[in-house]
Structure formats: C-alpha cells, structure tokens
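What follows is one structure encoded as structure tokens, with my remarks underneath.
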Amino acid sequence: MKVSVPKEVRADERRVALAPDTVRRLVASGFAVAVEADAGLEAGFPDADFTAAGAAVRRHREALLAEADLVACVNRPEPSDIAGLRRGAAVVGFLRPLDEAESLRPFLAGGITAFAMELVPRSTRAQAMDALSSMATIAGYKAVLVAAVRLPKMFPLLMTAAGTVPPARVVVVGAGVAGLMAIATARRLGADVEAYDVRQAAGEEVRSLGARFLDVDLGGIETQDAGGYALELSPEALKRGRERIAERVKDADLVVTTAQVPGRRAPLMLDEGAVRGMKAGAVVVDLAAPTGGNTAFTRPGENTVVDGVSILAPLNLAATVPLHASQLYARNVAAFLKLLAGEGGALTVNLSDDVVAGACAVHDGRPVNPRVAALLAPASPDGASR
Ligand code: NAD
C-alpha cells in the first residue's frame with residue numbers, strides 16, 4: 001500500500017500525520033510511505049528524518065496525492081486535493097464527519113473512501129487508534145500551561161522569608177480525558193484542585209490525582225451511556241451542576257472547562273452570573289470551544305475579557321505541541337492502517353470489521369457510518385432533513 005503524507009495547509013496547524021518513528025515501523029511491515037517536502041518541519045521532523053526512516057520525500061504535491069492508495073492527514077484535505085486522488089483511494093484523518101458532513105461530498109463524488117479518526121469506536125480493541133484521547137490529553141496539559149502564563153499568580157504553595165504564598169485554586173469542569181490531564185498538570189504545578197463531572201465514575205479518578213470531587217445531587221438520574229460517555233441532561237439537572245460550579249468558581253484562579261456530549265452542542269456550565277462572580281485576574285480556559293463552549297461568554301478561537309476575567313477559547317491546542325501531538329497521532333493512525341492492509345499489503349476496506357466500518361464515513365460513493373448517512377440523507381418531502 002502506498003501511503004502519502006501531504007503537508008498540512010491550515011494556518012494554525014503544525015502537526016504532521018506520520019512521524020519518522022512510525023514511518024520506520026510502517027516501512028518495516030511493508031508499507032511504502034511518501035511525504036511532501038517540509039511536511040514535518042514545524043513539528044520538529046526535517047525531511048532527512050523521514051528519508052532515514054525509509055520514506056520518499058516528494059516536492060510535487062499533486063504527484064504525491066495522485067500516486068497514493070491512501071492519504072494520511074491531520075485535517076480534511078481541500079476539495080482540490082481530493083479531486084486529485086484516484087478513484088478507490090482512501091483518506092484517513094480528522095475529517096469532521098458529524099459537524100461538517102456536507103464537506104464529505106467531494107469524497108462521495110470522487111469515489112474516495114473517507115476514514116474519520118473521530119469515528120473510530122472507543123472500544124478496548126480500538127484503544128490504540130483513539131486519536132481523540134491522544135489530542136485531548138495534550139489539550140488538557142497545554143490548557144493549564146497557557147493559563148499559568150496568563151495568571152498574575154504562581155501555582156505552588158510557597159513559604160518564604162517574605163511570607164507565605166497560598167497555592168492557586170483550580171476548578172476543572174468535566175473530568176474526561178482532557179479534564180483529568182488538566183487536573184494532573186495543575187496538581188504537579190502545586191495547585192489546589194477540585195473537579196466536577198456528571199459521571200460519578202469520574203470521581204474516583206479525580207481523587208486518585210489528589211483533587212477533590214464536587215458532588216452534586218442530580219436526583220439519581222442516569223448520566224452515562226453504555227460507552228462511558230455523558231448523556232444530555234435535563235435542564236433541571238444542568239441547572240444544579242451550574243449552581244454548584246458558580247459557587248465554587250467565586251474564588252478560583254483558574255477554571256478549565258471540558259464538558260462535552262458527543263454529537264451535541266456543549267452544555268452551558270458557567271452562565272453570565274458565574275463568570276461575573278469570579279475574581280478579576282482569574283482565567284477560564286474553555287476546551288469545549290470547538291463544540292460551542294461551556295461559558296456564556298466563550299467566543300470560539302478568541303480571548304474575551306469580562307470584568308477582568310479572561311476567557312480563552314482555543315480551537316486547536318494540540319497543534320501547539322506539534323512534536324508529541326504528531327507522534328501520538330501517527331501511532332493511532334498506524335494502528336488503524338494495519339486494519340486496512342489486506343493480502344500482499346494491498347489497501348482492503350473490510351466493512352465486516354467493526355472498527356473499519358465504524359470509522360468509515362463514506363466508501364464507494366455511499367455513506368457507511370450510520371450517523372454520517374443520517375446527516376447526508378436527502379431532505380424528506382416536508383423539507384425537514386432526517
Ligand atoms: P468528552 O470530551 O465527550 O466530554 C468531556 C467530559 O465532560 C466527560 O467526562 C463528560 O462526562 C463531561 N460532561 C458532559 N456533560 C457534562 C455536564 N453537564 N456537567 C459536567 N460534566 C459533563 O469525553 P472524553 O473525555 O472524550 O471521554 C469521556 C469518557 O469516555 C472517558 O472518561 C471514558 O470513560 C470514556 N472513554 C473510553 C475510551 C475507550 O474505551 N477507548 C476512550 C476514551 C474515553
């Protein structure tokens with residue numbers, strides 16, 4: 001299988017889909033890898049590292065794409081790049097299949113198979129391919145560092161001859177993958193941390209990191225689905241969580257919000273009153289910005305200041321740690337590629353494999369993943385889209 005890795009074109013992107021250590025392993029297992037010149041430069045991987053790992057380095061993007069059986073990318077390629085692929089080729093990357101389903105049309109039109117890393121089932125078997133978790137880990141870590149630089153304070157408790165400096169107070173809302181990493185990072189810096197999540201199961205993990213878990217009485221309702229994800233809550237249950245958070249953030253120095261519900265707009269966790277009730281100089285980092293944000297003042301991609309409280313809403317924090325982000329992402333992609341290598345190593349789309357079928361947004365001119373199919377279905381006669 002010929003795997004091509006183009007240079008990412010998004011302005012805020014510094015990652016590359018395959019890193020040299022992964023290329024070496026793929027080449028050893030029979031893949032032929034070609035990389036566009038300078039594709040890894042911003043992640044800290046010069047072309048020579050790819051050559052040493054056994055990849056070909058190509059100057060001409062069109063030729064690189066035209067020869068590919070499979071294109072490995074971080075972000076969805078532009079329609080002009082997709083048009084340059086041969087019919088039957090495949091693309092693997094973060095393709096935004098649920099929030100930008102219409103952008104999959106060029107794959108349908110060109111007979112290109114689209115595999116979205118966001119759709120890889122989060123099962124035990126697919127754990128090595130869980131790129132969402134890899135990137136959430138990095139975002140959780142970087143969120144705390146970005147805030148630490150912005151805060152007018154230090155994090156640790158210090159006892160000095162000039163007096164005692166109390167530790168920074170951090171509240172983390174949503175203790176999933178990103179939230180747990182934010183807790184661990186803030187704890188390592190010496191902060192006093194508390195966290196909230198609707199999933200009771202998160203409580204144990206929060207405590208094991210040396211943070212306190214905020215218990216909220218939600219009346220014993222179901223808050224988690226079979227896959228371990230949060231369910232959308234009733235307005236009343238959401239309100240109870242919000243009230244407790246509003247009370248706890250009053251004297252927080254940093255609030256990291258990560259609350260998301262798959263396929264839905266992010267829930268409002270800090271309303272106007274909660275933000276206005278915070279201390280001037282405090283910082284909120286809203287990692288739910290890509291799905292609309294957790295605060296009343298979040299403007300995705302921007303920094304907003306309300307009564308002296310900074311609300312940072314980064315959209316692509318993982319790309320700001322490009323070396324490790326690329327290495328982890330590449331390993332996730334490589335684990336997935338192994339499922340696509342059929343007899344003699346040729347690209348084989350085996351839709352009877354649940355991981356391959358789950359991740360497959362479109363194949364052979366048709367949507368495959370049922371959620372994608374529902375989004376791309378023609379509008380029903382009454383005008384409503386099914
Ligand atoms: P996510 O990004 O969808 O959500 C982040 C967090 O927000 C979650 O912990 C969620 O419970 C929480 N949340 C949602 N609504 C909330 C609300 N109203 N109030 C407070 N918190 C709210 O989730 P994620 O971090 O990607 O994963 C969450 C969980 O999924 C994990 O902790 C784990 O249990 C499971 N998971 C399983 C696998 C696997 O099996 N391979 C991989 C990743 C995650």
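Order determines the names: the first chain of the structure tokens is A, the second B, and so forth; residues in each chain are numbered 1 upward, and ligands are numbered 1 upward as they are shown.
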Spatial neighbours of A:Val92, max dist 10 Å, only C-alpha atoms, sep filter under 5 positions, as a PDB file with N, CA and C atoms, in the first residue's frame:
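Generated file (around_9.pdb):
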```
ATOM      1  N   ALA A  17       0.860  14.071   9.880  1.00  0.00           N
ATOM      2  CA  ALA A  17       0.092  12.855  10.173  1.00  0.00           C
ATOM      3  C   ALA A  17       0.956  11.653  10.543  1.00  0.00           C
ATOM      4  N   LEU A  70      -3.483   5.510  -0.218  1.00  0.00           N
ATOM      5  CA  LEU A  70      -4.088   6.078   0.977  1.00  0.00           C
ATOM      6  C   LEU A  70      -3.353   7.369   1.359  1.00  0.00           C
ATOM      7  N   VAL A  71      -4.122   8.394   1.710  1.00  0.00           N
ATOM      8  CA  VAL A  71      -3.535   9.656   2.169  1.00  0.00           C
ATOM      9  C   VAL A  71      -3.744   9.742   3.676  1.00  0.00           C
ATOM     10  N   ALA A  72      -2.659   9.924   4.423  1.00  0.00           N
ATOM     11  CA  ALA A  72      -2.770  10.125   5.870  1.00  0.00           C
ATOM     12  C   ALA A  72      -2.616  11.615   6.139  1.00  0.00           C
ATOM     13  N   CYS A  73      -3.613  12.199   6.787  1.00  0.00           N
ATOM     14  CA  CYS A  73      -3.550  13.641   7.052  1.00  0.00           C
ATOM     15  C   CYS A  73      -4.064  13.918   8.460  1.00  0.00           C
ATOM     16  N   VAL A  74      -3.844  15.134   8.927  1.00  0.00           N
ATOM     17  CA  VAL A  74      -4.404  15.529  10.221  1.00  0.00           C
ATOM     18  C   VAL A  74      -5.782  16.122   9.963  1.00  0.00           C
ATOM     19  N   ASN A  75      -5.839  17.185   9.172  1.00  0.00           N
ATOM     20  CA  ASN A  75      -7.122  17.827   8.848  1.00  0.00           C
ATOM     21  C   ASN A  75      -7.627  17.377   7.478  1.00  0.00           C
ATOM     22  N   ARG A  76      -8.933  17.546   7.275  1.00  0.00           N
ATOM     23  CA  ARG A  76      -9.534  17.133   5.993  1.00  0.00           C
ATOM     24  C   ARG A  76      -8.876  17.890   4.838  1.00  0.00           C
ATOM     25  N   PRO A  77      -8.465  17.184   3.791  1.00  0.00           N
ATOM     26  CA  PRO A  77      -7.853  17.881   2.642  1.00  0.00           C
ATOM     27  C   PRO A  77      -8.870  18.785   1.939  1.00  0.00           C
ATOM     28  N   THR A 113     -12.613   6.710  -0.478  1.00  0.00           N
ATOM     29  CA  THR A 113     -13.035   6.223   0.834  1.00  0.00           C
ATOM     30  C   THR A 113     -12.524   7.190   1.891  1.00  0.00           C
ATOM     31  N   ALA A 114     -13.434   7.609   2.789  1.00  0.00           N
ATOM     32  CA  ALA A 114     -13.031   8.565   3.834  1.00  0.00           C
ATOM     33  C   ALA A 114     -13.120   7.890   5.199  1.00  0.00           C
ATOM     34  N   PHE A 115     -11.990   7.803   5.894  1.00  0.00           N
ATOM     35  CA  PHE A 115     -11.980   7.276   7.263  1.00  0.00           C
ATOM     36  C   PHE A 115     -11.749   8.442   8.213  1.00  0.00           C
ATOM     37  N   ALA A 116     -12.668   8.617   9.146  1.00  0.00           N
ATOM     38  CA  ALA A 116     -12.549   9.742  10.090  1.00  0.00           C
ATOM     39  C   ALA A 116     -12.049   9.215  11.430  1.00  0.00           C
ATOM     40  N   MET A 117     -10.940   9.744  11.899  1.00  0.00           N
ATOM     41  CA  MET A 117     -10.409   9.288  13.186  1.00  0.00           C
ATOM     42  C   MET A 117     -11.396   9.584  14.322  1.00  0.00           C
ATOM     43  N   VAL A 333      -2.857   6.471  13.928  1.00  0.00           N
ATOM     44  CA  VAL A 333      -3.144   6.257  12.502  1.00  0.00           C
ATOM     45  C   VAL A 333      -2.525   4.934  12.040  1.00  0.00           C
ATOM     46  N   PHE A 336      -4.437   1.965  12.949  1.00  0.00           N
ATOM     47  CA  PHE A 336      -5.615   1.840  12.090  1.00  0.00           C
ATOM     48  C   PHE A 336      -5.227   1.311  10.707  1.00  0.00           C
ATOM     49  N   LEU A 337      -4.101   1.802  10.166  1.00  0.00           N
ATOM     50  CA  LEU A 337      -3.669   1.371   8.820  1.00  0.00           C
ATOM     51  C   LEU A 337      -3.472  -0.146   8.760  1.00  0.00           C
ATOM     52  N   ALA A 359     -15.348   3.608  11.553  1.00  0.00           N
ATOM     53  CA  ALA A 359     -14.565   4.798  11.198  1.00  0.00           C
ATOM     54  C   ALA A 359     -14.826   5.259   9.770  1.00  0.00           C
ATOM     55  N   CYS A 360     -15.476   4.408   8.979  1.00  0.00           N
ATOM     56  CA  CYS A 360     -15.655   4.723   7.564  1.00  0.00           C
ATOM     57  C   CYS A 360     -16.837   5.679   7.375  1.00  0.00           C
TER      58      CYS A 360
END
```
Within 6 Å of ligand 1, which residues show up when you count only C-alpha atoms and all ligand atoms? List them as number ranges by chain, please.
-> A: 122-124, 127, 133, 173-178, 196-199, 228-230, 238, 258-262, 267
Atoms to include: C-alpha atoms. Write the selected residues as a tab-separated table (two decimals), in the first residue's frame.
```
chain	number	residue	atom	x	y	z
A	122	ARG	CA	-13.91	3.84	21.59
A	123	SER	CA	-13.78	0.13	22.30
A	124	THR	CA	-11.00	-1.75	24.05
A	127	GLN	CA	-7.83	1.86	22.05
A	133	SER	CA	-7.99	10.78	23.51
A	173	VAL	CA	-15.37	21.11	34.89
A	174	GLY	CA	-15.68	17.79	33.02
A	175	ALA	CA	-13.25	15.11	34.19
A	176	GLY	CA	-12.89	13.08	30.98
A	177	VAL	CA	-9.60	12.62	29.14
A	178	ALA	CA	-8.73	16.34	28.84
A	196	TYR	CA	-16.91	18.24	38.68
A	197	ASP	CA	-18.38	15.74	36.24
A	198	VAL	CA	-21.85	14.29	35.75
A	199	ARG	CA	-20.38	10.81	35.56
A	228	GLY	CA	-18.91	5.62	29.12
A	229	TYR	CA	-19.98	8.95	27.59
A	230	ALA	CA	-22.10	11.57	29.29
A	238	LEU	CA	-27.88	21.01	34.27
A	258	THR	CA	-14.08	20.47	29.09
A	259	ALA	CA	-17.74	19.34	29.32
A	260	GLN	CA	-18.98	17.86	26.06
A	261	VAL	CA	-21.72	15.48	24.97
A	262	PRO	CA	-20.94	13.63	21.72
A	267	PRO	CA	-23.61	22.34	27.75
```
- prompt: Could you pull the residues within 7 Å of stretch 239-243 of chain A, counting only C-alpha atoms, minus those fewer than 3 positions along the same chain, as a list in words?
  reply: Val216, Pro235, Glu236, Ala246, Glu247, Met269 and Leu270 of chain A
Requested write-out: N, CA, C and O atoms of the selected residues, as an mmCIF file, in the first residue's frame:
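Contents of selection.cif, as written:
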```
data_model
loop_
_atom_site.group_PDB
_atom_site.id
_atom_site.type_symbol
_atom_site.label_atom_id
_atom_site.label_comp_id
_atom_site.auth_asym_id
_atom_site.auth_seq_id
_atom_site.Cartn_x
_atom_site.Cartn_y
_atom_site.Cartn_z
ATOM 1 N N VAL A 216 -22.689 16.575 43.285
ATOM 2 C CA VAL A 216 -23.932 17.327 43.082
ATOM 3 C C VAL A 216 -25.062 16.312 43.061
ATOM 4 O O VAL A 216 -24.966 15.286 42.363
ATOM 5 N N PRO A 235 -32.832 20.074 31.746
ATOM 6 C CA PRO A 235 -32.496 21.453 32.139
ATOM 7 C C PRO A 235 -32.328 21.578 33.661
ATOM 8 O O PRO A 235 -31.461 22.288 34.142
ATOM 9 N N GLU A 236 -33.148 20.856 34.426
ATOM 10 C CA GLU A 236 -33.072 20.939 35.887
ATOM 11 C C GLU A 236 -31.730 20.394 36.397
ATOM 12 O O GLU A 236 -31.074 21.010 37.242
ATOM 13 N N ALA A 246 -20.991 27.662 40.045
ATOM 14 C CA ALA A 246 -20.974 29.126 40.253
ATOM 15 C C ALA A 246 -20.456 29.446 41.650
ATOM 16 O O ALA A 246 -19.691 30.388 41.855
ATOM 17 N N GLU A 247 -20.839 28.604 42.589
ATOM 18 C CA GLU A 247 -20.437 28.821 43.985
ATOM 19 C C GLU A 247 -18.936 28.535 44.152
ATOM 20 O O GLU A 247 -18.227 29.275 44.822
ATOM 21 N N MET A 269 -22.022 25.604 31.271
ATOM 22 C CA MET A 269 -21.604 25.261 32.636
ATOM 23 C C MET A 269 -21.356 26.505 33.483
ATOM 24 O O MET A 269 -21.524 26.477 34.693
ATOM 25 N N LEU A 270 -20.887 27.600 32.873
ATOM 26 C CA LEU A 270 -20.687 28.863 33.596
ATOM 27 C C LEU A 270 -21.558 29.909 32.918
ATOM 28 O O LEU A 270 -21.262 30.338 31.793
#
```
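With only C-alpha atoms as the atoms that count, the minimum distance from A:Ala19 to the choices A:Leu328, A:Leu119, A:Ala361, A:Ala282 is reached by A:Leu328.
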- request: Could you give me the residues within stretch 188-253 of chain A that DSSP places in helix (DSSP H, G or I), as an MDAnalysis selection string?
  value: chainID A and resid 188 201:208 235:248
### Task
Would you please give, as a PyMOL selection string, all residues of stretch 153-364 of chain A that DSSP assigns to strand (DSSP E or B) based on the backbone?
chain A and resi 158-160+163-165+169-173+192-196+212-213+224+230+254-257+270+283-286+295+303-306+309-312+341+347+360-363
Quiz prompt | Selection near stretch 37-54 of chain A, 9 Å with only C-alpha atoms, sequence-local residues under 2 positions removed, as a PyMOL selection string | solution = chain A and resi 5-8+13-25+27-28+32-35+56-61+319+321-326
Close residues, A:Leu104 itself excluded, 12 Å, only C-alpha atoms, min 4 positions apart in chain, as a ChimeraX atom specification: /A:76-79,82,91,94-100,108-116,360-363,365-368,372-373,375-376
Can you spit out the residues from that selection as a CSV table (one decimal), in the first residue's frame, using N, CA and C atoms?
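Now in again_15.csv:
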```csv
chain,number,residue,atom,x,y,z
A,76,ARG,N,-8.9,17.5,7.3
A,76,ARG,CA,-9.5,17.1,6.0
A,76,ARG,C,-8.9,17.9,4.8
A,77,PRO,N,-8.5,17.2,3.8
A,77,PRO,CA,-7.9,17.9,2.6
A,77,PRO,C,-8.9,18.8,1.9
A,78,GLU,N,-8.4,19.8,1.3
A,78,GLU,CA,-9.2,20.7,0.5
A,78,GLU,C,-9.8,19.9,-0.7
A,79,PRO,N,-11.0,20.4,-1.2
A,79,PRO,CA,-11.6,19.7,-2.3
A,79,PRO,C,-10.7,19.6,-3.5
A,82,ILE,N,-8.7,16.6,-2.9
A,82,ILE,CA,-9.5,15.3,-3.0
A,82,ILE,C,-9.7,15.0,-4.5
A,91,VAL,N,-8.6,8.2,2.4
A,91,VAL,CA,-8.1,9.2,3.2
A,91,VAL,C,-8.3,8.9,4.6
A,94,PHE,N,-8.7,13.6,10.7
A,94,PHE,CA,-9.8,14.2,11.4
A,94,PHE,C,-10.6,14.9,10.3
A,95,LEU,N,-11.7,14.3,9.9
A,95,LEU,CA,-12.5,14.8,8.7
A,95,LEU,C,-13.7,15.6,9.1
A,96,ARG,N,-14.0,15.7,10.4
A,96,ARG,CA,-15.2,16.4,10.9
A,96,ARG,C,-16.5,15.9,10.3
A,97,PRO,N,-16.7,14.6,10.4
A,97,PRO,CA,-17.8,14.0,9.6
A,97,PRO,C,-19.2,14.3,10.2
A,98,LEU,N,-19.2,14.7,11.5
A,98,LEU,CA,-20.5,14.9,12.1
A,98,LEU,C,-20.9,16.4,12.2
A,99,ASP,N,-19.9,17.3,12.4
A,99,ASP,CA,-20.2,18.7,12.4
A,99,ASP,C,-20.1,19.4,11.0
A,100,GLU,N,-19.4,18.7,10.1
A,100,GLU,CA,-19.3,19.3,8.7
A,100,GLU,C,-19.6,18.2,7.7
A,108,LEU,N,-17.6,11.5,-1.8
A,108,LEU,CA,-18.6,10.7,-2.5
A,108,LEU,C,-18.5,10.8,-4.0
A,109,ALA,N,-18.3,12.1,-4.5
A,109,ALA,CA,-18.3,12.3,-5.9
A,109,ALA,C,-17.1,11.6,-6.6
A,110,GLY,N,-16.0,11.6,-5.8
A,110,GLY,CA,-14.7,11.1,-6.5
A,110,GLY,C,-14.5,9.6,-6.2
A,111,GLY,N,-15.5,8.9,-5.5
A,111,GLY,CA,-15.3,7.5,-5.2
A,111,GLY,C,-14.1,7.3,-4.3
A,112,ILE,N,-13.9,8.2,-3.4
A,112,ILE,CA,-12.8,8.1,-2.4
A,112,ILE,C,-13.3,7.6,-1.1
A,113,THR,N,-12.6,6.7,-0.5
A,113,THR,CA,-13.0,6.2,0.8
A,113,THR,C,-12.5,7.2,1.9
A,114,ALA,N,-13.4,7.6,2.8
A,114,ALA,CA,-13.0,8.6,3.8
A,114,ALA,C,-13.1,7.9,5.2
A,115,PHE,N,-12.0,7.8,5.9
A,115,PHE,CA,-12.0,7.3,7.3
A,115,PHE,C,-11.7,8.4,8.2
A,116,ALA,N,-12.7,8.6,9.1
A,116,ALA,CA,-12.5,9.7,10.1
A,116,ALA,C,-12.0,9.2,11.4
A,360,CYS,N,-15.5,4.4,9.0
A,360,CYS,CA,-15.7,4.7,7.6
A,360,CYS,C,-16.8,5.7,7.4
A,361,ALA,N,-16.5,6.9,7.0
A,361,ALA,CA,-17.6,7.9,6.7
A,361,ALA,C,-18.3,7.6,5.4
A,362,VAL,N,-17.5,7.4,4.3
A,362,VAL,CA,-18.0,7.1,3.0
A,362,VAL,C,-17.1,6.1,2.3
A,363,HIS,N,-17.7,5.3,1.5
A,363,HIS,CA,-17.0,4.3,0.7
A,363,HIS,C,-17.7,4.1,-0.6
A,365,GLY,N,-18.7,5.8,-3.0
A,365,GLY,CA,-19.8,6.7,-3.4
A,365,GLY,C,-21.0,6.7,-2.5
A,366,ARG,N,-20.9,6.0,-1.3
A,366,ARG,CA,-22.0,6.0,-0.4
A,366,ARG,C,-21.6,6.2,1.0
A,367,PRO,N,-22.4,6.8,1.9
A,367,PRO,CA,-22.1,6.9,3.3
A,367,PRO,C,-22.1,5.5,4.0
A,368,VAL,N,-21.2,5.3,4.9
A,368,VAL,CA,-21.2,4.0,5.6
A,368,VAL,C,-21.6,4.1,7.1
A,372,VAL,N,-23.3,9.4,9.8
A,372,VAL,CA,-23.0,10.2,8.7
A,372,VAL,C,-24.1,10.0,7.6
A,373,ALA,N,-24.5,8.8,7.5
A,373,ALA,CA,-25.6,8.6,6.5
A,373,ALA,C,-26.8,9.4,6.8
A,375,LEU,N,-26.9,12.2,8.4
A,375,LEU,CA,-26.7,13.6,8.1
A,375,LEU,C,-26.7,14.0,6.6
A,376,LEU,N,-26.3,13.0,5.8
A,376,LEU,CA,-26.2,13.2,4.3
A,376,LEU,C,-27.5,12.8,3.6
```
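Excluding A:Lys279 itself and any same-chain residue fewer than 5 positions from it, the protein and nucleic acid residues within 7 Å of it, counting only C-alpha atoms, are Lys250, Asp251 and Val309 of chain A.
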Restricting to only C-alpha atoms, whichever of A:Gly190, A:Asn316, A:Pro121, A:Gly140 is closest to A:Arg10 is A:Asn316
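With only C-alpha atoms as the atoms that count, the minimum distance from A:Val256 to the choices A:Arg169, A:Arg188, A:Arg86, A:Arg371 is reached by A:Arg169.
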Find the spatial neighbours of A:Phe213, counting only C-alpha atoms, within a cut-off of 9 Å - ignore same-chain residues fewer than 4 positions away - and output them as a CSV table (one decimal) with N, CA and C atoms, in the first residue's frame.
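Contents of the output file part_27.csv:
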```csv
chain,number,residue,atom,x,y,z
A,193,VAL,N,-6.8,21.7,43.7
A,193,VAL,CA,-7.7,21.4,42.5
A,193,VAL,C,-9.0,20.7,43.0
A,194,GLU,N,-10.1,21.2,42.4
A,194,GLU,CA,-11.3,20.4,42.6
A,194,GLU,C,-12.0,20.3,41.2
A,195,ALA,N,-12.8,19.2,41.1
A,195,ALA,CA,-13.4,19.0,39.7
A,195,ALA,C,-14.8,18.5,39.8
A,196,TYR,N,-15.5,18.7,38.8
A,196,TYR,CA,-16.9,18.2,38.7
A,196,TYR,C,-17.1,17.5,37.4
A,197,ASP,N,-17.9,16.4,37.5
A,197,ASP,CA,-18.4,15.7,36.2
A,197,ASP,C,-19.7,15.1,36.5
A,202,ALA,N,-16.2,9.3,37.4
A,202,ALA,CA,-15.0,10.1,37.2
A,202,ALA,C,-14.5,10.5,38.6
A,203,GLY,N,-15.4,10.4,39.7
A,203,GLY,CA,-15.0,10.8,41.0
A,203,GLY,C,-13.7,10.1,41.5
A,204,GLU,N,-13.7,8.8,41.3
A,204,GLU,CA,-12.6,8.0,41.8
A,204,GLU,C,-11.3,8.5,41.1
A,206,VAL,N,-10.6,11.4,39.8
A,206,VAL,CA,-10.3,12.7,40.2
A,206,VAL,C,-9.5,12.6,41.6
A,207,ARG,N,-10.1,11.8,42.5
A,207,ARG,CA,-9.5,11.7,43.8
A,207,ARG,C,-8.1,11.1,43.7
```
